[in-house]
Amino acid sequence: MSRLGLSGWGIGLGIVLAVGSAWADNSPFVGRWHLNRAESILPKGEPVPKDLVAEISQALSPSGSVDALQSHLTEIAQDGYISENEKRALLVQGWTDAVNRCLEDGVLDESEETRLIEFKNRLALAEADLDANGAFTKIVKAAVIRDVLSGVIPQRMKLEANLPINLQKDEKVVWVFPAGEYLEDRTHRQYVGGSQGVSLRIMKGVYYRVGAFAGQPVDRTEREHVDTGMVVVTNKHIYFAGPVKAVRVPYAKIVSFQPFSDGIGIIRDALNAKPQIFVTGDGWFTYNLVTNLAHLL
């Protein structure tokens, strides 16, 4: 299976970060996160107060300074209250909290994206660390949706191997779900209420059966798992590629979309068409991505 990575966002620099307010007078912390040595030495292994994570998160608002935040954290680390590893973990947690706050309205605007990527670059935070709880993927997905809504075909996914699909001319990959599933609604017919009748003996070795009938046909539709493989979304089609099944559906041939919590269902413009379901693990993103790409045609 191809290995996927998220490409850089290509966002310019120039971020301004905010720093949270000081604690109350009776707090063991004095000023803006400068620990009072006499009152607030943290025992080794003791978690740093949540307010420090909140300050890091708030530093991503439009009115602060990343330099000031770096200075405060460095001073605390040098005083021996937190290790460099703890400091990095705090930065990741604060960044993650800021992502969740930016996405509370379901939209990631360009200024929010710029601040997040600037914070990541200035503090040398690794994508793998930021995505430990899926936060990095969240903002890339939000930026992809914003691109599509703006009429732009997103190019934010970097492929490090060839995909098992045959792209058409000028077709661009928008997103890949490497661990997808493909389901279909299939109809099975059985007969109920039938009878074999009664056998009457006419003479030795000779029987006559009367009253036999096959019963009434009953169709039963079931949603069946067909294959596990890769779901690929492009600017023209939605694909599935697995060991035993391959599907390519043009957006122009889809008459309806159905959202699911973990994927999307479609019905083609065809006689006796039945639902086809692509399981991706993120139904909200898949539905909004595919339906809005279809509208760009």
# chains A, B, ... in the order shown; residues from 1 in each chain; ligands from 1
>>> residues_around(residues="segment 279-287 of chain A", least_positions_apart="2", cutoff="12 Å", atoms="only C-alpha atoms", output="PyMOL selection string")
chain A and resi 106+134+137-146+148+174-184+225-234+238-240+256-266+276-277+289-294
>>> write_last_selection(atoms="C-alpha atoms", output="PDB file, in the first residue's frame")
ATOM      1  CA  GLY A 106     -16.589  24.418  11.434  1.00  0.00           C
ATOM      2  CA  GLY A 134      -5.348  13.904  14.694  1.00  0.00           C
ATOM      3  CA  THR A 137      -4.983  16.194   9.859  1.00  0.00           C
ATOM      4  CA  LYS A 138      -8.009  18.180  11.067  1.00  0.00           C
ATOM      5  CA  ILE A 139      -6.633  21.502   9.909  1.00  0.00           C
ATOM      6  CA  VAL A 140      -5.456  20.120   6.570  1.00  0.00           C
ATOM      7  CA  LYS A 141      -8.951  18.713   5.971  1.00  0.00           C
ATOM      8  CA  ALA A 142     -10.520  22.033   6.954  1.00  0.00           C
ATOM      9  CA  ALA A 143      -8.206  23.860   4.558  1.00  0.00           C
ATOM     10  CA  VAL A 144      -9.089  21.404   1.769  1.00  0.00           C
ATOM     11  CA  ILE A 145     -12.808  22.068   2.260  1.00  0.00           C
ATOM     12  CA  ARG A 146     -12.157  25.819   2.211  1.00  0.00           C
ATOM     13  CA  VAL A 148     -13.070  23.567  -2.711  1.00  0.00           C
ATOM     14  CA  VAL A 174      -7.479  15.576  -3.836  1.00  0.00           C
ATOM     15  CA  TRP A 175      -7.526  13.095  -0.950  1.00  0.00           C
ATOM     16  CA  VAL A 176      -6.690   9.444  -0.264  1.00  0.00           C
ATOM     17  CA  PHE A 177      -8.179   7.243   2.444  1.00  0.00           C
ATOM     18  CA  PRO A 178      -5.728   4.303   2.582  1.00  0.00           C
ATOM     19  CA  ALA A 179      -7.850   2.076   4.845  1.00  0.00           C
ATOM     20  CA  GLY A 180     -11.265   2.271   3.196  1.00  0.00           C
ATOM     21  CA  GLU A 181     -14.070  -0.201   2.650  1.00  0.00           C
ATOM     22  CA  TYR A 182     -16.531  -0.721  -0.161  1.00  0.00           C
ATOM     23  CA  LEU A 183     -20.114  -1.888   0.529  1.00  0.00           C
ATOM     24  CA  GLU A 184     -23.028  -2.621  -1.778  1.00  0.00           C
ATOM     25  CA  HIS A 225     -19.034  -5.764   2.679  1.00  0.00           C
ATOM     26  CA  VAL A 226     -17.435  -6.316  -0.704  1.00  0.00           C
ATOM     27  CA  ASP A 227     -13.783  -5.431  -0.212  1.00  0.00           C
ATOM     28  CA  THR A 228     -11.247  -3.492   1.862  1.00  0.00           C
ATOM     29  CA  GLY A 229      -8.834  -1.182   0.115  1.00  0.00           C
ATOM     30  CA  MET A 230      -8.159   2.429  -0.832  1.00  0.00           C
ATOM     31  CA  VAL A 231     -10.712   5.173  -1.426  1.00  0.00           C
ATOM     32  CA  VAL A 232      -9.377   7.947  -3.656  1.00  0.00           C
ATOM     33  CA  VAL A 233     -11.145  11.253  -4.269  1.00  0.00           C
ATOM     34  CA  THR A 234     -10.118  13.286  -7.312  1.00  0.00           C
ATOM     35  CA  ILE A 238     -14.445   8.789  -6.568  1.00  0.00           C
ATOM     36  CA  TYR A 239     -12.463   5.540  -6.733  1.00  0.00           C
ATOM     37  CA  PHE A 240     -12.186   2.359  -4.749  1.00  0.00           C
ATOM     38  CA  SER A 256     -27.756  11.399  -5.108  1.00  0.00           C
ATOM     39  CA  PHE A 257     -25.388  11.406  -2.137  1.00  0.00           C
ATOM     40  CA  GLN A 258     -26.105  10.019   1.317  1.00  0.00           C
ATOM     41  CA  PRO A 259     -24.013  11.029   4.339  1.00  0.00           C
ATOM     42  CA  PHE A 260     -22.954   8.473   6.929  1.00  0.00           C
ATOM     43  CA  SER A 261     -20.986   9.003  10.108  1.00  0.00           C
ATOM     44  CA  ASP A 262     -18.073   7.012   8.690  1.00  0.00           C
ATOM     45  CA  GLY A 263     -18.394   7.495   4.934  1.00  0.00           C
ATOM     46  CA  ILE A 264     -20.618   8.357   2.008  1.00  0.00           C
ATOM     47  CA  GLY A 265     -23.222   6.533  -0.051  1.00  0.00           C
ATOM     48  CA  ILE A 266     -24.045   7.253  -3.690  1.00  0.00           C
ATOM     49  CA  GLN A 276     -22.789   2.035  -3.195  1.00  0.00           C
ATOM     50  CA  ILE A 277     -21.091   2.929   0.067  1.00  0.00           C
ATOM     51  CA  LEU A 289     -15.508  17.086  -0.038  1.00  0.00           C
ATOM     52  CA  VAL A 290     -17.212  14.891  -2.637  1.00  0.00           C
ATOM     53  CA  THR A 291     -20.451  16.877  -2.960  1.00  0.00           C
ATOM     54  CA  ASN A 292     -18.644  20.191  -3.356  1.00  0.00           C
ATOM     55  CA  LEU A 293     -16.156  18.757  -5.858  1.00  0.00           C
ATOM     56  CA  ALA A 294     -19.135  17.503  -7.875  1.00  0.00           C
TER      57      ALA A 294
END
>>> closest_residue(among="A:Val249, A:Leu73, A:Ile153, A:Leu116", to="Asp170 of chain A", atoms="only C-alpha atoms")
A:Ile153
>>> closest_atom_pairs(of="segment 220-289 of chain A", to="segment 185-188 of chain A", cutoff="6 Å", atoms="only C-alpha atoms", output="CSV")
residue,atom,partner,partner_atom,distance
A:Arg220,CA,A:His188,CA,5.2
A:Thr221,CA,A:Thr187,CA,4.2
A:Glu222,CA,A:Asp185,CA,5.5
A:Arg223,CA,A:Asp185,CA,4.3
A:Pro275,CA,A:Asp185,CA,5.9
>>> write_last_selection(atoms="C-alpha atoms", output="CSV table (one decimal), in the first residue's frame")
chain,number,residue,atom,x,y,z
A,220,ARG,CA,-34.4,-9.3,0.8
A,221,THR,CA,-31.9,-6.5,0.4
A,222,GLU,CA,-28.8,-6.6,2.5
A,223,ARG,CA,-25.8,-4.3,2.8
A,275,PRO,CA,-26.6,2.3,-3.2
>>> atom_distance(atom1="atom CA of Leu91 of chain A", atom2="atom CA of Leu103 of chain A")
18.5 Å
>>> atom_distance(atom1="atom CA of Ile117 of chain A", atom2="atom CA of Ile56 of chain A")
14.4 Å
>>> decode(residues="segment 140-182 of chain A", atoms="N, CA and C atoms", output="short mmCIF file (atom, residue, chain, number, x, y, z; two decimals), in the first residue's frame")
data_model
loop_
_atom_site.label_atom_id
_atom_site.label_comp_id
_atom_site.auth_asym_id
_atom_site.auth_seq_id
_atom_site.Cartn_x
_atom_site.Cartn_y
_atom_site.Cartn_z
N VAL A 140 -5.66 20.31 8.00
CA VAL A 140 -5.46 20.12 6.57
C VAL A 140 -6.80 19.84 5.90
N LYS A 141 -7.63 19.00 6.53
CA LYS A 141 -8.95 18.71 5.97
C LYS A 141 -9.80 19.98 5.89
N ALA A 142 -9.75 20.79 6.96
CA ALA A 142 -10.52 22.03 6.95
C ALA A 142 -10.04 22.97 5.85
N ALA A 143 -8.74 23.02 5.62
CA ALA A 143 -8.21 23.86 4.56
C ALA A 143 -8.60 23.33 3.18
N VAL A 144 -8.66 22.01 3.04
CA VAL A 144 -9.09 21.40 1.77
C VAL A 144 -10.53 21.79 1.46
N ILE A 145 -11.40 21.69 2.46
CA ILE A 145 -12.81 22.07 2.26
C ILE A 145 -12.91 23.54 1.88
N ARG A 146 -12.13 24.39 2.54
CA ARG A 146 -12.16 25.82 2.21
C ARG A 146 -11.71 26.06 0.77
N ASP A 147 -10.68 25.34 0.32
CA ASP A 147 -10.23 25.47 -1.06
C ASP A 147 -11.35 25.13 -2.04
N VAL A 148 -12.02 24.01 -1.80
CA VAL A 148 -13.07 23.57 -2.71
C VAL A 148 -14.22 24.57 -2.73
N LEU A 149 -14.61 25.07 -1.56
CA LEU A 149 -15.69 26.04 -1.51
C LEU A 149 -15.32 27.33 -2.22
N SER A 150 -14.02 27.59 -2.35
CA SER A 150 -13.55 28.78 -3.06
C SER A 150 -13.36 28.52 -4.55
N GLY A 151 -13.69 27.30 -5.00
CA GLY A 151 -13.55 26.97 -6.40
C GLY A 151 -12.15 26.54 -6.80
N VAL A 152 -11.32 26.19 -5.82
CA VAL A 152 -9.94 25.79 -6.07
C VAL A 152 -9.80 24.28 -5.87
N ILE A 153 -9.13 23.59 -6.79
CA ILE A 153 -8.86 22.17 -6.61
C ILE A 153 -7.69 22.03 -5.65
N PRO A 154 -7.89 21.45 -4.48
CA PRO A 154 -6.80 21.38 -3.48
C PRO A 154 -5.66 20.48 -3.95
N GLN A 155 -4.45 20.90 -3.63
CA GLN A 155 -3.25 20.11 -3.90
C GLN A 155 -2.43 20.06 -2.61
N ARG A 156 -3.01 19.49 -1.57
CA ARG A 156 -2.38 19.49 -0.25
C ARG A 156 -1.92 18.11 0.20
N MET A 157 -2.09 17.11 -0.63
CA MET A 157 -1.67 15.76 -0.27
C MET A 157 -0.47 15.36 -1.11
N LYS A 158 0.56 14.91 -0.43
CA LYS A 158 1.79 14.48 -1.10
C LYS A 158 1.79 12.96 -1.15
N LEU A 159 1.93 12.40 -2.34
CA LEU A 159 1.94 10.95 -2.53
C LEU A 159 3.37 10.49 -2.69
N GLU A 160 3.74 9.49 -1.91
CA GLU A 160 5.11 8.98 -1.96
C GLU A 160 5.21 7.66 -2.71
N ALA A 161 4.12 7.24 -3.32
CA ALA A 161 4.11 6.02 -4.13
C ALA A 161 2.98 6.13 -5.14
N ASN A 162 3.03 5.31 -6.18
CA ASN A 162 1.99 5.33 -7.18
C ASN A 162 0.70 4.74 -6.63
N LEU A 163 -0.42 5.30 -7.03
CA LEU A 163 -1.71 4.79 -6.62
C LEU A 163 -2.15 3.65 -7.54
N PRO A 164 -2.93 2.70 -7.03
CA PRO A 164 -3.38 1.57 -7.86
C PRO A 164 -4.61 1.91 -8.70
N ILE A 165 -4.64 3.12 -9.26
CA ILE A 165 -5.75 3.53 -10.12
C ILE A 165 -5.18 4.20 -11.36
N ASN A 166 -5.97 4.21 -12.41
CA ASN A 166 -5.55 4.81 -13.68
C ASN A 166 -6.22 6.17 -13.82
N LEU A 167 -5.49 7.22 -13.48
CA LEU A 167 -6.04 8.56 -13.56
C LEU A 167 -6.20 8.98 -15.02
N GLN A 168 -7.24 9.75 -15.27
CA GLN A 168 -7.47 10.26 -16.60
C GLN A 168 -6.68 11.55 -16.82
N LYS A 169 -6.71 12.03 -18.05
CA LYS A 169 -5.98 13.23 -18.40
C LYS A 169 -6.48 14.42 -17.57
N ASP A 170 -5.55 15.17 -17.03
CA ASP A 170 -5.83 16.37 -16.23
C ASP A 170 -6.57 16.07 -14.93
N GLU A 171 -6.56 14.81 -14.52
CA GLU A 171 -7.22 14.46 -13.26
C GLU A 171 -6.24 14.63 -12.10
N LYS A 172 -6.71 15.22 -11.02
CA LYS A 172 -5.85 15.51 -9.86
C LYS A 172 -6.38 14.82 -8.62
N VAL A 173 -5.48 14.21 -7.88
CA VAL A 173 -5.85 13.57 -6.61
C VAL A 173 -6.04 14.65 -5.55
N VAL A 174 -7.17 14.61 -4.89
CA VAL A 174 -7.48 15.58 -3.84
C VAL A 174 -7.25 14.97 -2.45
N TRP A 175 -7.70 13.74 -2.26
CA TRP A 175 -7.53 13.10 -0.95
C TRP A 175 -7.51 11.58 -1.13
N VAL A 176 -6.78 10.90 -0.25
CA VAL A 176 -6.69 9.44 -0.26
C VAL A 176 -6.99 8.92 1.13
N PHE A 177 -7.89 7.96 1.20
CA PHE A 177 -8.18 7.24 2.44
C PHE A 177 -7.58 5.84 2.28
N PRO A 178 -6.43 5.57 2.86
CA PRO A 178 -5.73 4.30 2.58
C PRO A 178 -6.40 3.07 3.17
N ALA A 179 -7.21 3.24 4.20
CA ALA A 179 -7.85 2.08 4.84
C ALA A 179 -9.36 2.18 4.70
N GLY A 180 -9.84 2.13 3.46
CA GLY A 180 -11.27 2.27 3.20
C GLY A 180 -11.96 0.93 3.01
N GLU A 181 -13.26 0.99 2.92
CA GLU A 181 -14.07 -0.20 2.65
C GLU A 181 -15.11 0.14 1.59
N TYR A 182 -15.50 -0.89 0.85
CA TYR A 182 -16.53 -0.72 -0.16
C TYR A 182 -17.69 -1.67 0.14
#
